[in-house]
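One structure is given here, and the rest of the page talks about it.
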Amino acid sequence: MIKSLNKLFAKSSQTVGIELSPERVNLACLRKQRQGLKLEAISSAPVPEGVFENGQIADPPAMAEIIQQLLTENKIKASHVISGVPGRESIVRLIPVPAELDDQELREMVLNHEAGLYLPYPREEADVDYQKLGYFVDEDGIEKVQVLLVGTRKDIVDTYIRTFEQVGLQVKALEINSFALIRTIREQLRQFGPQEAVVLVDIEFDSTEIAIIVNGVPQFSRTVPIGTYQMQTALSRAMSLPPSRDIDLLLGMTIPATSMDGGKTGQTAVNPGMAAMMRVLGELTDELRRSIDFYLNQSENLEVAQIFLAGSGGGIAQLDEFFTQRLSLPTTQIDPVSALSLQIDEEKFSPVQRPGLGIVLGLGMREV
């Protein structure tokens, strides 16, 4: 098994976290300070089209060049890196196994038997890791242990390793992006009880990752192929503007606070760009509703207590109010900088951009 994944849940000694995405490369370095954290460096660089596509690194040399530029600009001399892969390229499953198994038997069962039942590709093509969680008694009165199983295709992992090796970085740990995001907001998650589910909606460039979390553990995950690029494209087309990967125009919009009537408000009726963007947002909320309904239909005595918006699209002004109205569920835009009590230059990362830092800060936190 690849070294970068066999420590998936373990702490390491490196302090540089790097997030790779179709839109940007984000970097963060944190260290422990008294009872909190100190942000030593945080930076971001745009990613040209064709470098990172469909959740994978398509051009490792070009991606390595961007990473090297960030390291040089921030005067960071690191030998190891913590990074993450998108949820769409991984499987995350909670599985029950007999409680009487010793550690070696558990490992054998999970990695060589159970993993093959859940992977959508041959077991030999996957890097797999697991974490033993708590014990419980099933409906037949049998004690079992809950195990969190995670798997990613080896070719995806190998591409990350080769990319970072080109800039002299060894991958110390490679985890799922949603895990890093959960680490960032873990204090907020602790306010919810065992019967309260939290929905984490990570709106990224070309997709949205949905994770339903109970007791800090992801219970359900799904990728929806709607992200900021789809919103930006709809906005540009309706306003007769050329297509662009730059989402500054999108992030400068404010979602109308009034209730929707047939997809139009007084504002959208005279603003075709806003109307087009909100149609895309309507599709996204419909997909989110289907995911929530599906999960709740499989679960007993659970309720959704909160929706958290994250990612590069999570900070659009009044998007939380739009989700609250459409889904009748309390929705909050996360601010990972405030959540971790960090100091950051607002000229470098405005409040509307902060939700997009949740993953990289979680990666940087992994070892502190």
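Chains: A, B, ... in order of the structure tokens. Residues: from 1 per chain. Ligands: from 1, in order shown.
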> Which residues, written as a list in words, have at least one atom at most 7 Å from Gly362 of chain A, with only C-alpha atoms counted and residues fewer than 2 positions away on the same chain left out?
Replying inline: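 Result of the neighbour search: Ala180, Leu181, Arg183, Thr184, Gly358, Ile359, Val360, Gly364, Met365 and Arg366 of chain A.
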Output of the above residues as a compact mmCIF listing (two decimals), in the first residue's frame, restricted to all heavy atoms:
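For reference, result05.txt as written:
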# COMPACT_ATOMS: atom_id res chain seq x y z
N ALA A 180 -10.35 17.08 5.71
CA ALA A 180 -9.64 18.29 6.09
C ALA A 180 -10.62 19.39 6.47
O ALA A 180 -10.41 20.13 7.44
CB ALA A 180 -8.74 18.75 4.95
N LEU A 181 -11.70 19.49 5.72
CA LEU A 181 -12.71 20.51 6.00
C LEU A 181 -13.39 20.25 7.34
O LEU A 181 -13.64 21.18 8.12
CB LEU A 181 -13.74 20.51 4.87
CG LEU A 181 -14.67 21.71 4.73
CD1 LEU A 181 -13.91 23.02 4.81
CD2 LEU A 181 -15.44 21.61 3.42
N ARG A 183 -12.02 18.80 9.88
CA ARG A 183 -11.04 19.16 10.91
C ARG A 183 -11.08 20.66 11.19
O ARG A 183 -10.99 21.09 12.34
CB ARG A 183 -9.64 18.74 10.45
CG ARG A 183 -8.54 19.00 11.49
CD ARG A 183 -7.17 18.56 10.99
NE ARG A 183 -7.15 17.15 10.66
CZ ARG A 183 -6.99 16.67 9.43
NH1 ARG A 183 -6.79 17.49 8.42
NH2 ARG A 183 -6.99 15.38 9.21
N THR A 184 -11.25 21.45 10.15
CA THR A 184 -11.27 22.90 10.29
C THR A 184 -12.46 23.37 11.13
O THR A 184 -12.34 24.31 11.93
CB THR A 184 -11.31 23.58 8.91
OG1 THR A 184 -10.14 23.20 8.17
CG2 THR A 184 -11.36 25.09 9.03
N GLY A 358 -11.12 26.60 3.72
CA GLY A 358 -11.39 25.57 4.73
C GLY A 358 -10.57 24.32 4.55
O GLY A 358 -10.06 23.75 5.53
N ILE A 359 -10.40 23.86 3.31
CA ILE A 359 -9.66 22.61 3.08
C ILE A 359 -8.18 22.79 3.36
O ILE A 359 -7.57 22.00 4.08
CB ILE A 359 -9.88 22.12 1.63
CG1 ILE A 359 -11.33 21.63 1.46
CG2 ILE A 359 -8.90 20.99 1.29
CD1 ILE A 359 -11.69 21.26 0.03
N VAL A 360 -7.56 23.85 2.79
CA VAL A 360 -6.12 24.01 2.96
C VAL A 360 -5.75 24.24 4.43
O VAL A 360 -4.71 23.76 4.90
CB VAL A 360 -5.57 25.12 2.05
CG1 VAL A 360 -5.98 26.51 2.53
CG2 VAL A 360 -4.06 25.01 1.94
N GLY A 364 -3.24 21.98 6.67
CA GLY A 364 -2.15 22.54 7.45
C GLY A 364 -2.25 22.22 8.93
O GLY A 364 -1.24 22.14 9.64
N MET A 365 -3.48 22.01 9.42
CA MET A 365 -3.71 21.71 10.85
C MET A 365 -3.39 20.27 11.21
O MET A 365 -3.27 19.93 12.37
CB MET A 365 -5.20 21.93 11.20
CG MET A 365 -5.63 23.36 11.35
SD MET A 365 -7.41 23.37 11.59
CE MET A 365 -7.55 22.44 13.14
N ARG A 366 -3.33 19.41 10.23
CA ARG A 366 -3.29 17.97 10.49
C ARG A 366 -2.24 17.56 11.51
O ARG A 366 -2.43 16.66 12.31
CB ARG A 366 -3.08 17.21 9.18
CG ARG A 366 -3.08 15.69 9.38
CD ARG A 366 -2.88 14.99 8.05
NE ARG A 366 -2.64 13.58 8.30
CZ ARG A 366 -3.43 12.60 7.91
NH1 ARG A 366 -4.54 12.87 7.25
NH2 ARG A 366 -3.12 11.35 8.17
>> To test your reading of the structure, identify every residue in segment 16-196 of chain A that backbone DSSP assigns to strand (DSSP E), and report it as a ChimeraX atom specification.
In response: /A:16-20,24-33,36-46,52-53,56-57,80-85,90-98,126-137,143-153,170-176,196
>> For the helix (DSSP H, G or I) assignment from backbone DSSP, which residues of segment 38-218 of chain A qualify? Please present them as a PyMOL selection string.
In response: chain A and resi 60-73+87-89+103-118+123-125+154-165+177-184+186-189
> Between atom CA of Asp202 of chain A and atom CA of Glu287 of chain A, what is the spacing in Å?
Replying inline: 13.3 Å
> Using only C-alpha atoms, which residues sit within 10 Å of Val47 of chain A once same-chain residues fewer than 5 positions away are excluded, as a list in words?
Replying inline: Leu20, Ser21, Pro22, Glu23, Arg24, Val25, Phe52, Ala62, Met63, Ile66 and Arg245 of chain A
>> Using only C-alpha atoms, can you tell me which of A:Thr223, A:Ser90, A:Asn26, A:Gln131 comes closest to Val110 of chain A?
In response: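 Among the listed residues, A:Gln131 lies closest to Val110 of chain A.
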Contact table segment 331-367 of chain A vs segment 185-188 of chain A, cut-off 12 Å, shortest pair per residue, only C-alpha atoms, as JSON lines:
{"residue": "A:Thr332", "atom": "CA", "partner": "A:Gln188", "partner_atom": "CA", "distance": 11.0}
{"residue": "A:Gln333", "atom": "CA", "partner": "A:Ile185", "partner_atom": "CA", "distance": 11.5}
{"residue": "A:Ile334", "atom": "CA", "partner": "A:Ile185", "partner_atom": "CA", "distance": 8.1}
{"residue": "A:Asp335", "atom": "CA", "partner": "A:Ile185", "partner_atom": "CA", "distance": 9.0}
{"residue": "A:Pro336", "atom": "CA", "partner": "A:Ile185", "partner_atom": "CA", "distance": 7.0}
{"residue": "A:Val337", "atom": "CA", "partner": "A:Ile185", "partner_atom": "CA", "distance": 10.1}
{"residue": "A:Ser338", "atom": "CA", "partner": "A:Ile185", "partner_atom": "CA", "distance": 10.2}
{"residue": "A:Ala339", "atom": "CA", "partner": "A:Ile185", "partner_atom": "CA", "distance": 6.7}
{"residue": "A:Leu340", "atom": "CA", "partner": "A:Ile185", "partner_atom": "CA", "distance": 8.0}
{"residue": "A:Ser341", "atom": "CA", "partner": "A:Glu187", "partner_atom": "CA", "distance": 11.4}
{"residue": "A:Pro355", "atom": "CA", "partner": "A:Ile185", "partner_atom": "CA", "distance": 11.0}
{"residue": "A:Leu357", "atom": "CA", "partner": "A:Ile185", "partner_atom": "CA", "distance": 11.6}
{"residue": "A:Gly358", "atom": "CA", "partner": "A:Ile185", "partner_atom": "CA", "distance": 8.1}
{"residue": "A:Ile359", "atom": "CA", "partner": "A:Ile185", "partner_atom": "CA", "distance": 10.0}
{"residue": "A:Leu361", "atom": "CA", "partner": "A:Ile185", "partner_atom": "CA", "distance": 10.1}
{"residue": "A:Gly362", "atom": "CA", "partner": "A:Ile185", "partner_atom": "CA", "distance": 8.5}
{"residue": "A:Met365", "atom": "CA", "partner": "A:Ile185", "partner_atom": "CA", "distance": 11.2}
For the residues in the current selection, export N, CA, C and O atoms as a PDB file, in the first residue's frame.
ATOM      1  N   THR A 332     -25.481  28.211   7.204  1.00  0.00           N
ATOM      2  CA  THR A 332     -24.448  29.160   7.602  1.00  0.00           C
ATOM      3  C   THR A 332     -23.257  29.047   6.664  1.00  0.00           C
ATOM      4  O   THR A 332     -22.844  27.945   6.300  1.00  0.00           O
ATOM      5  N   GLN A 333     -22.711  30.202   6.274  1.00  0.00           N
ATOM      6  CA  GLN A 333     -21.466  30.226   5.513  1.00  0.00           C
ATOM      7  C   GLN A 333     -20.305  30.157   6.499  1.00  0.00           C
ATOM      8  O   GLN A 333     -20.193  30.983   7.394  1.00  0.00           O
ATOM      9  N   ILE A 334     -19.456  29.162   6.339  1.00  0.00           N
ATOM     10  CA  ILE A 334     -18.360  29.019   7.290  1.00  0.00           C
ATOM     11  C   ILE A 334     -17.280  30.060   7.013  1.00  0.00           C
ATOM     12  O   ILE A 334     -17.042  30.455   5.866  1.00  0.00           O
ATOM     13  N   ASP A 335     -16.640  30.513   8.058  1.00  0.00           N
ATOM     14  CA  ASP A 335     -15.465  31.368   7.957  1.00  0.00           C
ATOM     15  C   ASP A 335     -14.348  30.639   8.698  1.00  0.00           C
ATOM     16  O   ASP A 335     -14.216  30.746   9.922  1.00  0.00           O
ATOM     17  N   PRO A 336     -13.551  29.848   7.991  1.00  0.00           N
ATOM     18  CA  PRO A 336     -12.526  29.034   8.665  1.00  0.00           C
ATOM     19  C   PRO A 336     -11.486  29.866   9.387  1.00  0.00           C
ATOM     20  O   PRO A 336     -10.899  29.408  10.370  1.00  0.00           O
ATOM     21  N   VAL A 337     -11.251  31.082   8.927  1.00  0.00           N
ATOM     22  CA  VAL A 337     -10.269  31.949   9.582  1.00  0.00           C
ATOM     23  C   VAL A 337     -10.749  32.321  10.975  1.00  0.00           C
ATOM     24  O   VAL A 337     -10.012  32.214  11.967  1.00  0.00           O
ATOM     25  N   SER A 338     -12.009  32.752  11.072  1.00  0.00           N
ATOM     26  CA  SER A 338     -12.579  33.088  12.385  1.00  0.00           C
ATOM     27  C   SER A 338     -12.762  31.842  13.239  1.00  0.00           C
ATOM     28  O   SER A 338     -12.545  31.875  14.455  1.00  0.00           O
ATOM     29  N   ALA A 339     -13.163  30.731  12.609  1.00  0.00           N
ATOM     30  CA  ALA A 339     -13.388  29.497  13.355  1.00  0.00           C
ATOM     31  C   ALA A 339     -12.133  29.035  14.086  1.00  0.00           C
ATOM     32  O   ALA A 339     -12.206  28.470  15.179  1.00  0.00           O
ATOM     33  N   LEU A 340     -10.971  29.302  13.490  1.00  0.00           N
ATOM     34  CA  LEU A 340      -9.706  28.878  14.091  1.00  0.00           C
ATOM     35  C   LEU A 340      -8.996  30.022  14.810  1.00  0.00           C
ATOM     36  O   LEU A 340      -7.866  29.854  15.264  1.00  0.00           O
ATOM     37  N   SER A 341      -9.680  31.191  14.910  1.00  0.00           N
ATOM     38  CA  SER A 341      -9.116  32.366  15.586  1.00  0.00           C
ATOM     39  C   SER A 341      -7.756  32.753  15.006  1.00  0.00           C
ATOM     40  O   SER A 341      -6.799  33.035  15.735  1.00  0.00           O
ATOM     41  N   PRO A 355     -14.410  31.219   2.844  1.00  0.00           N
ATOM     42  CA  PRO A 355     -14.912  29.840   2.851  1.00  0.00           C
ATOM     43  C   PRO A 355     -14.094  28.902   1.960  1.00  0.00           C
ATOM     44  O   PRO A 355     -14.084  27.690   2.179  1.00  0.00           O
ATOM     45  N   LEU A 357     -10.970  28.648   1.948  1.00  0.00           N
ATOM     46  CA  LEU A 357      -9.720  28.279   2.623  1.00  0.00           C
ATOM     47  C   LEU A 357      -9.902  27.124   3.609  1.00  0.00           C
ATOM     48  O   LEU A 357      -8.943  26.711   4.261  1.00  0.00           O
ATOM     49  N   GLY A 358     -11.118  26.599   3.722  1.00  0.00           N
ATOM     50  CA  GLY A 358     -11.390  25.571   4.728  1.00  0.00           C
ATOM     51  C   GLY A 358     -10.567  24.317   4.553  1.00  0.00           C
ATOM     52  O   GLY A 358     -10.062  23.747   5.528  1.00  0.00           O
ATOM     53  N   ILE A 359     -10.401  23.857   3.315  1.00  0.00           N
ATOM     54  CA  ILE A 359      -9.664  22.614   3.075  1.00  0.00           C
ATOM     55  C   ILE A 359      -8.184  22.795   3.360  1.00  0.00           C
ATOM     56  O   ILE A 359      -7.567  21.999   4.076  1.00  0.00           O
ATOM     57  N   LEU A 361      -6.586  24.962   5.175  1.00  0.00           N
ATOM     58  CA  LEU A 361      -6.301  25.155   6.603  1.00  0.00           C
ATOM     59  C   LEU A 361      -6.416  23.827   7.348  1.00  0.00           C
ATOM     60  O   LEU A 361      -5.628  23.550   8.260  1.00  0.00           O
ATOM     61  N   GLY A 362      -7.372  23.002   6.966  1.00  0.00           N
ATOM     62  CA  GLY A 362      -7.495  21.677   7.582  1.00  0.00           C
ATOM     63  C   GLY A 362      -6.297  20.805   7.294  1.00  0.00           C
ATOM     64  O   GLY A 362      -5.846  20.039   8.140  1.00  0.00           O
ATOM     65  N   MET A 365      -3.484  22.015   9.424  1.00  0.00           N
ATOM     66  CA  MET A 365      -3.714  21.711  10.846  1.00  0.00           C
ATOM     67  C   MET A 365      -3.395  20.267  11.207  1.00  0.00           C
ATOM     68  O   MET A 365      -3.266  19.934  12.375  1.00  0.00           O
TER      69      MET A 365
END
>> As an exercise, work out the distance from atom CA of Asn177 of chain A to atom CA of Ser43 of chain A in Å and give it to one decimal place.
In response: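 Taking atom CA of Asn177 of chain A as the start and atom CA of Ser43 of chain A as the end point, the length is 17.8 Å.
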